[in-house]
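Student: I am sharing my_file.txt, which consists of compact mmCIF, C-alpha atoms:
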# COMPACT_ATOMS: atom_id res chain seq x y z
CA MET V 1 12.58 23.83 2.88
CA LYS V 2 15.17 21.99 0.77
CA VAL V 3 13.79 20.75 -2.58
CA LEU V 4 15.24 18.31 -5.11
CA ILE V 5 13.94 18.26 -8.71
CA VAL V 6 13.74 14.83 -10.37
CA ASP V 7 12.86 14.87 -14.09
CA ASP V 8 14.43 13.30 -17.18
CA GLU V 9 13.63 16.37 -19.34
CA PRO V 10 16.27 19.15 -19.04
CA LEU V 11 13.83 21.87 -20.10
CA ALA V 12 11.29 20.74 -17.53
CA ARG V 13 13.97 20.83 -14.82
CA GLN V 14 14.97 24.35 -15.91
CA ARG V 15 11.39 25.63 -15.78
CA ALA V 16 10.76 24.01 -12.38
CA ALA V 17 14.01 25.40 -11.02
CA ARG V 18 13.17 28.92 -12.20
CA LEU V 19 9.73 28.80 -10.61
CA LEU V 20 11.01 27.35 -7.34
CA GLN V 21 13.70 30.00 -7.04
CA GLU V 22 10.98 32.64 -7.16
CA LEU V 23 9.32 31.20 -4.06
CA GLY V 24 10.23 32.37 -0.59
CA GLY V 25 11.39 29.81 1.97
CA ILE V 26 12.55 27.35 -0.71
CA GLU V 27 16.15 26.19 -1.18
CA LEU V 28 16.72 24.31 -4.44
CA VAL V 29 19.47 21.91 -3.42
CA GLY V 30 19.86 19.89 -6.62
CA GLU V 31 18.50 18.09 -9.66
CA ALA V 32 18.39 14.49 -10.86
CA ALA V 33 17.60 13.11 -14.32
CA ASN V 34 16.35 9.69 -13.20
CA ALA V 35 15.39 7.67 -10.15
CA GLU V 36 18.86 6.18 -9.67
CA GLN V 37 20.43 9.63 -9.52
CA ALA V 38 17.61 10.78 -7.25
CA LEU V 39 18.29 8.05 -4.69
CA ALA V 40 21.95 9.04 -4.53
CA GLU V 41 21.10 12.74 -4.23
CA ILE V 42 18.51 12.08 -1.53
CA GLU V 43 21.14 10.30 0.56
CA ARG V 44 23.64 13.13 -0.03
CA LEU V 45 21.41 16.19 0.23
CA GLN V 46 18.61 15.05 2.58
CA PRO V 47 15.90 17.15 0.89
CA ASP V 48 12.63 17.93 2.62
CA ALA V 49 10.63 17.54 -0.60
CA LEU V 50 10.89 16.17 -4.13
CA LEU V 51 9.36 17.72 -7.23
CA LEU V 52 9.10 14.39 -9.00
CA ASP V 53 8.25 13.47 -12.59
CA ILE V 54 6.30 10.24 -13.07
CA ALA V 55 7.11 9.01 -16.59
CA MET V 56 10.88 8.48 -16.61
CA PRO V 57 13.07 5.81 -18.27
CA GLY V 58 13.88 2.89 -15.99
CA ILE V 59 12.39 3.30 -12.53
CA SER V 60 9.28 5.48 -12.74
CA GLY V 61 8.44 8.25 -10.32
CA ILE V 62 5.66 6.11 -8.85
CA ASP V 63 8.09 3.25 -8.21
CA LEU V 64 10.59 5.63 -6.65
CA ALA V 65 7.92 7.07 -4.35
CA GLN V 66 6.90 3.58 -3.25
CA GLN V 67 10.53 2.73 -2.46
CA LEU V 68 10.89 5.90 -0.41
CA ALA V 69 7.62 5.23 1.42
CA GLU V 70 9.16 2.08 2.90
CA ARG V 71 11.81 4.12 4.69
CA GLU V 72 11.39 5.42 8.22
CA SER V 73 12.11 8.97 7.05
CA SER V 74 11.53 10.19 3.51
CA PRO V 75 10.94 13.54 1.77
CA ALA V 76 7.49 14.84 0.98
CA ILE V 77 6.59 14.18 -2.67
CA VAL V 78 4.99 16.54 -5.18
CA PHE V 79 4.39 14.76 -8.48
CA CYS V 80 4.46 16.66 -11.75
CA THR V 81 3.55 15.05 -15.07
CA ALA V 82 1.88 15.70 -18.40
CA TYR V 83 -0.52 12.78 -17.95
CA ASP V 84 -3.42 13.33 -15.57
CA GLU V 85 -4.44 9.64 -15.69
CA TYR V 86 -1.56 9.05 -13.28
CA ALA V 87 -3.35 10.98 -10.54
CA LEU V 88 -4.83 7.99 -8.72
CA ALA V 89 -1.56 6.07 -8.73
CA ALA V 90 0.24 9.19 -7.54
CA PHE V 91 -1.89 9.52 -4.45
CA ASP V 92 -1.69 5.76 -3.83
CA ALA V 93 2.05 6.39 -3.56
CA GLN V 94 1.35 8.93 -0.80
CA ALA V 95 2.11 12.06 -2.78
CA VAL V 96 1.40 15.28 -0.92
CA ALA V 97 0.34 17.03 -4.14
CA TYR V 98 -0.01 16.52 -7.88
CA LEU V 99 0.79 19.10 -10.57
CA LEU V 100 0.20 18.89 -14.32
CA LYS V 101 2.83 20.06 -16.81
CA PRO V 102 3.48 22.72 -17.83
CA ILE V 103 3.63 23.72 -14.18
CA GLN V 104 1.66 26.86 -13.39
CA ARG V 105 3.32 29.35 -11.05
CA GLU V 106 0.14 29.91 -9.02
CA LYS V 107 -0.44 26.20 -8.41
CA LEU V 108 3.20 25.57 -7.55
CA THR V 109 3.12 28.49 -5.12
CA ALA V 110 -0.03 27.13 -3.47
CA VAL V 111 1.45 23.65 -3.07
CA PHE V 112 4.74 24.77 -1.58
CA SER V 113 3.14 27.38 0.67
CA ARG V 114 1.30 24.47 2.29
CA LEU V 115 4.44 22.33 2.42
CA THR V 116 6.48 25.05 4.10
CA ARG V 117 4.03 24.91 7.00
CA LEU V 118 4.58 21.16 7.45
CA ASN V 119 7.75 19.39 8.50
CA LYS V 120 8.49 15.77 7.62
CA ALA V 121 7.24 14.46 10.95
CA GLN V 122 3.93 16.29 10.51
CA ILE V 123 3.54 14.98 6.96
CA ALA V 124 4.16 11.43 8.20
CA ALA V 125 1.54 11.95 10.91
CA LEU V 126 -0.98 13.09 8.31
CA ALA V 127 -0.27 10.00 6.22
CA ASP V 128 -0.96 7.85 9.29
CA LEU V 129 -4.27 9.60 9.85
CA GLU V 130 -5.31 8.77 6.29
CA THR V 131 -4.74 5.05 6.86
CA PRO V 132 -8.17 3.43 7.23
CA ALA V 133 -8.86 1.89 10.62
CA GLN V 134 -9.09 -1.88 10.84
CA ARG V 135 -12.71 -2.99 10.70
CA SER V 136 -14.41 -4.92 13.47
CA GLN V 137 -17.29 -6.00 11.22
CA LEU V 138 -17.81 -7.19 7.66
CA SER V 139 -20.93 -6.43 5.66
CA SER V 140 -22.58 -7.79 2.55
CA SER V 141 -25.64 -6.75 0.54
CA GLY V 142 -28.06 -9.38 -0.74
CA PRO V 143 -31.69 -9.98 -1.62
CA GLN V 144 -32.58 -9.99 2.08
CA GLY V 145 -30.82 -6.70 2.75
CA ILE V 146 -27.48 -6.00 4.44
CA SER V 147 -25.85 -8.76 6.50
CA VAL V 148 -23.22 -7.94 9.12
CA LEU V 149 -20.65 -10.33 10.58
CA PRO V 150 -18.13 -9.58 13.34
CA VAL V 151 -14.57 -10.22 12.21
CA SER V 152 -14.02 -12.01 15.53
CA ALA V 153 -16.52 -14.70 14.44
CA VAL V 154 -14.74 -15.53 11.18
CA ARG V 155 -12.85 -18.84 11.19
CA TYR V 156 -11.40 -18.44 7.73
CA PHE V 157 -11.66 -16.54 4.45
CA HIS V 158 -11.91 -18.59 1.28
CA ALA V 159 -11.58 -17.38 -2.31
CA ASP V 160 -13.35 -19.19 -5.14
CA ASN V 161 -12.83 -17.61 -8.55
CA LYS V 162 -13.89 -13.96 -8.12
CA TYR V 163 -15.75 -14.49 -4.86
CA VAL V 164 -14.55 -14.48 -1.26
CA SER V 165 -16.48 -16.04 1.61
CA ALA V 166 -16.07 -15.37 5.33
CA VAL V 167 -16.73 -18.74 6.97
CA HIS V 168 -18.11 -18.83 10.52
CA PRO V 169 -19.74 -21.51 12.73
CA ASP V 170 -23.24 -20.74 11.42
CA GLY V 171 -22.41 -20.60 7.72
CA GLU V 172 -20.65 -18.15 5.47
CA LEU V 173 -20.96 -14.61 4.22
CA LEU V 174 -20.10 -13.62 0.66
CA ILE V 175 -18.09 -10.37 0.74
CA ASP V 176 -16.69 -7.96 -1.83
CA ASP V 177 -13.15 -7.78 -0.41
CA SER V 178 -10.24 -9.48 -2.16
CA LEU V 179 -8.20 -12.03 -0.23
CA ARG V 180 -5.11 -9.88 -0.70
CA ASP V 181 -6.79 -6.83 0.85
CA LEU V 182 -8.08 -8.91 3.76
CA GLU V 183 -4.60 -10.32 4.36
CA GLN V 184 -3.14 -6.81 4.55
CA GLU V 185 -5.89 -5.38 6.75
CA PHE V 186 -6.00 -8.29 9.21
CA ALA V 187 -2.37 -9.36 9.12
CA SER V 188 -2.23 -9.74 12.90
CA GLN V 189 -5.37 -11.90 13.06
CA PHE V 190 -5.29 -14.12 9.98
CA LEU V 191 -2.62 -16.29 8.39
CA ARG V 192 -2.41 -17.36 4.76
CA ILE V 193 -2.25 -21.13 4.37
CA HIS V 194 -3.13 -21.38 0.68
CA ARG V 195 -3.42 -19.00 -2.26
CA ASN V 196 -7.18 -19.20 -1.68
CA ALA V 197 -7.42 -19.23 2.13
CA LEU V 198 -6.66 -17.21 5.27
CA VAL V 199 -7.32 -18.73 8.71
CA ALA V 200 -8.03 -17.04 12.03
CA LEU V 201 -5.07 -17.55 14.36
CA GLN V 202 -7.22 -17.46 17.50
CA TYR V 203 -9.20 -20.51 16.36
CA LEU V 204 -6.32 -22.51 14.91
CA GLN V 205 -6.03 -25.88 16.70
CA GLY V 206 -3.67 -27.89 14.53
CA ILE V 207 -3.09 -29.75 11.29
CA GLU V 208 -4.75 -32.95 10.12
CA ARG V 209 -3.99 -35.20 7.20
CA HIS V 210 -6.43 -35.16 4.32
CA GLY V 211 -5.93 -37.98 1.82
CA VAL V 212 -2.51 -39.39 1.03
CA ALA V 213 -0.33 -36.28 0.86
CA ALA V 214 -2.65 -33.39 1.67
CA TYR V 215 -3.34 -31.52 4.90
CA ARG V 216 -6.09 -29.35 6.32
CA VAL V 217 -6.18 -27.02 9.29
CA LYS V 218 -8.24 -27.83 12.37
CA LEU V 219 -10.27 -24.81 13.41
CA GLN V 220 -12.49 -24.41 16.44
CA GLY V 221 -16.12 -24.07 15.45
CA VAL V 222 -16.03 -25.60 11.96
CA ALA V 223 -16.15 -29.26 11.02
CA VAL V 224 -13.78 -29.09 8.06
CA GLY V 225 -11.01 -26.55 7.68
CA PRO V 226 -9.45 -25.37 4.41
CA GLN V 227 -6.59 -27.22 2.73
CA ILE V 228 -2.99 -26.19 3.33
CA SER V 229 -0.71 -25.81 0.33
CA ARG V 230 2.81 -27.22 0.42
CA ARG V 231 4.19 -23.71 0.11
CA TYR V 232 2.68 -22.57 3.42
CA LEU V 233 2.87 -25.83 5.38
CA PRO V 234 6.37 -25.29 6.89
CA ALA V 235 5.51 -21.79 8.11
CA LEU V 236 2.25 -23.00 9.62
CA ARG V 237 4.00 -25.84 11.44
CA ALA V 238 6.55 -23.36 12.76
CA ARG V 239 3.78 -21.10 14.09
CA LEU V 240 2.05 -24.02 15.79
CA SER V 241 5.29 -25.21 17.37
CA LYS V 242 5.74 -21.75 18.89
CA GLY V 243 2.20 -21.71 20.21
CA ILE V 244 0.96 -19.42 17.41
Now that the file is in, can you turn its structure into structure tokens?

Tutor:
Amino acid sequence: MKVLIVDDEPLARQRAARLLQELGGIELVGEAANAEQALAEIERLQPDALLLDIAMPGISGIDLAQQLAERESSPAIVFCTAYDEYALAAFDAQAVAYLLKPIQREKLTAVFSRLTRLNKAQIAALADLETPAQRSQLSSSGPQGISVLPVSAVRYFHADNKYVSAVHPDGELLIDDSLRDLEQEFASQFLRIHRNALVALQYLQGIERHGVAAYRVKLQGVAVGPQISRRYLPALRARLSKGI
């Protein structure tokens, strides 16, 4: 396994290099002092894994990991840092492991013994398995107990201050999800038409004027659809002209 060390501290790089060189099956192919250097070295050396510091000047290790995650093929990432409060953000960036400085030989050995049994394709497959499945139902807890609503019945989601409602033909359900999370999870089913509204594509019937210079969507099953902002109006018209 080819490993690249990325850390702005020379002494930290030296310690990591010494420990890695003691491990079997590891080839230390290079070092980088910042994210910019790391990107160049990744292109040149094609490492299988990065031992990556988080707190670096300029682009942080978290930001670098997120950039790499957008690529079709990227190295496995093992974060190392002196600050354990970064742990959650590290795993949000799809790190394979997380080590605290000063790095302990036993923990480094354990991490890379696991990595040497996984190739990049297998690591990518594991990341896919950890992606939560798209829900078919929404739920909400209230005084009357738990209410469940099929996503297929929702005509639109509407955000009002800190609350989001799933509107359906028989009323609406107050849910805990943010509009942003709903947009990401149901990107193939719902379209944003306003900063506070997502509409179900399967029930979208058209656009109607509301007042002098405002527009609303026409949705099957609800009398009044949400308002369309000027920002999203051209894209919505384009979708309708193409038959959604």

Student: Ranking V:Gln202, V:Ser152, V:Arg209, V:Leu138 by minimum distance to Asp177 (chain V) and counting only C-alpha atoms, which one comes first?

Tutor: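 So, comparing all the options, the nearest one is V:Leu138.
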
Student: List the neighbours of Leu19 (chain V) out to 8 Å using only C-alpha atoms; skip same-chain residues closer than 4 positions along the sequence, and give me the result as a list in words.

Tutor: Arg15, Leu23, Arg105 and Leu108 of chain V

Student: Rank V:Ser136, V:Ser141, V:Gln189, V:Asn161 by their smallest atom-to-atom distance to Leu173 (chain V), using all atoms listed in the file, and report the top residue only.

Tutor: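 So, comparing all the options, the nearest one is V:Ser141.
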
Student: What is the distance, in Å and to one decimal place, between CA of Met56 (chain V) and CA of Asn34 (chain V)?

Tutor: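 About the pair CA of Met56 (chain V) and CA of Asn34 (chain V): they are 6.6 Å apart.
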
Student: For the atom pair CA of Ser147 (chain V) and CA of Arg195 (chain V), what is the interatomic distance in Å to one decimal place?

Tutor: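 These atoms are spaced 26.2 Å apart.
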
Student: Report, in Å with one decimal, the straight-line distance from CA of Tyr163 (chain V) to CA of His194 (chain V).

Tutor: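 Separation of CA of Tyr163 (chain V) and CA of His194 (chain V): 15.4 Å.
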
Student: With distances taken over only C-alpha atoms, which residue among V:Ala166, V:Ala153, V:Ala235, V:Ala16 lies nearest Tyr203 (chain V)?

Tutor: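 Smallest distance to Tyr203 (chain V) is found for V:Ala153.
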
Student: At a cut-off of 10 Å, using only C-alpha atoms, what residues contact Gln14 (chain V)? Leave out same-chain residues fewer than 5 positions from it and give the result as a ChimeraX atom specification.

Tutor: /V:5,7,9,19-20,31

Student: Generate a file of the selected residues that holds C-alpha atoms, formatted as an mmCIF file, in the coordinates of the input.

Tutor:
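Full text of again_12.cif as output:
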data_model
loop_
_atom_site.group_PDB
_atom_site.id
_atom_site.type_symbol
_atom_site.label_atom_id
_atom_site.label_comp_id
_atom_site.auth_asym_id
_atom_site.auth_seq_id
_atom_site.Cartn_x
_atom_site.Cartn_y
_atom_site.Cartn_z
ATOM 1 C CA ILE V 5 13.940 18.260 -8.710
ATOM 2 C CA ASP V 7 12.860 14.870 -14.090
ATOM 3 C CA GLU V 9 13.630 16.370 -19.340
ATOM 4 C CA LEU V 19 9.730 28.800 -10.610
ATOM 5 C CA LEU V 20 11.010 27.350 -7.340
ATOM 6 C CA GLU V 31 18.500 18.090 -9.660
#

Student: With distances taken over only C-alpha atoms, which residue among V:Ser113, V:Ser178, V:Ser140, V:Ser73 lies nearest Ile42 (chain V)?

Tutor: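 Looking only at the distances to Ile42 (chain V), the closest residue turns out to be V:Ser73.
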
Student: Could you give me, as a list of chain:residue names, the residues within 12 Å of Arg13 (chain V), counting all atoms listed in the file and dropping anything in the same chain fewer than 4 positions from it?

Tutor: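 The residues satisfying every condition are V:Leu4, V:Ile5, V:Val6, V:Asp7, V:Asp8, V:Glu9, V:Ala17, V:Arg18, V:Leu19, V:Leu20, V:Leu28, V:Gly30, V:Glu31, V:Ala32, V:Ala33, V:Asn34, V:Leu51, V:Leu52, V:Asp53, V:Cys80, V:Thr81, V:Lys101, V:Pro102, V:Ile103.
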
Student: With a distance cut-off of 10 Å and all atoms listed in the file, select the neighbouring residues of region 239-241 of chain V, excluding the residue or stretch itself and same-chain residues fewer than 2 positions from it, and output the selection as a list in words.

Tutor: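 Contacts, with the query itself left out: Leu191, Leu201, Leu204, Gln205, Gly206, Ile207, Leu233, Pro234, Ala235, Leu236, Arg237, Gly243 and Ile244 of chain V.
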
Student: List every protein, DNA or RNA residue with an atom no more than 12 Å from (11.5, 25.0, 0.5) in the file's coordinates, counting only C-alpha atoms, and format the result as an MDAnalysis selection string.

Tutor: chainID V and resid 1:5 17 19:29 47:51 75:76 108:109 111:119
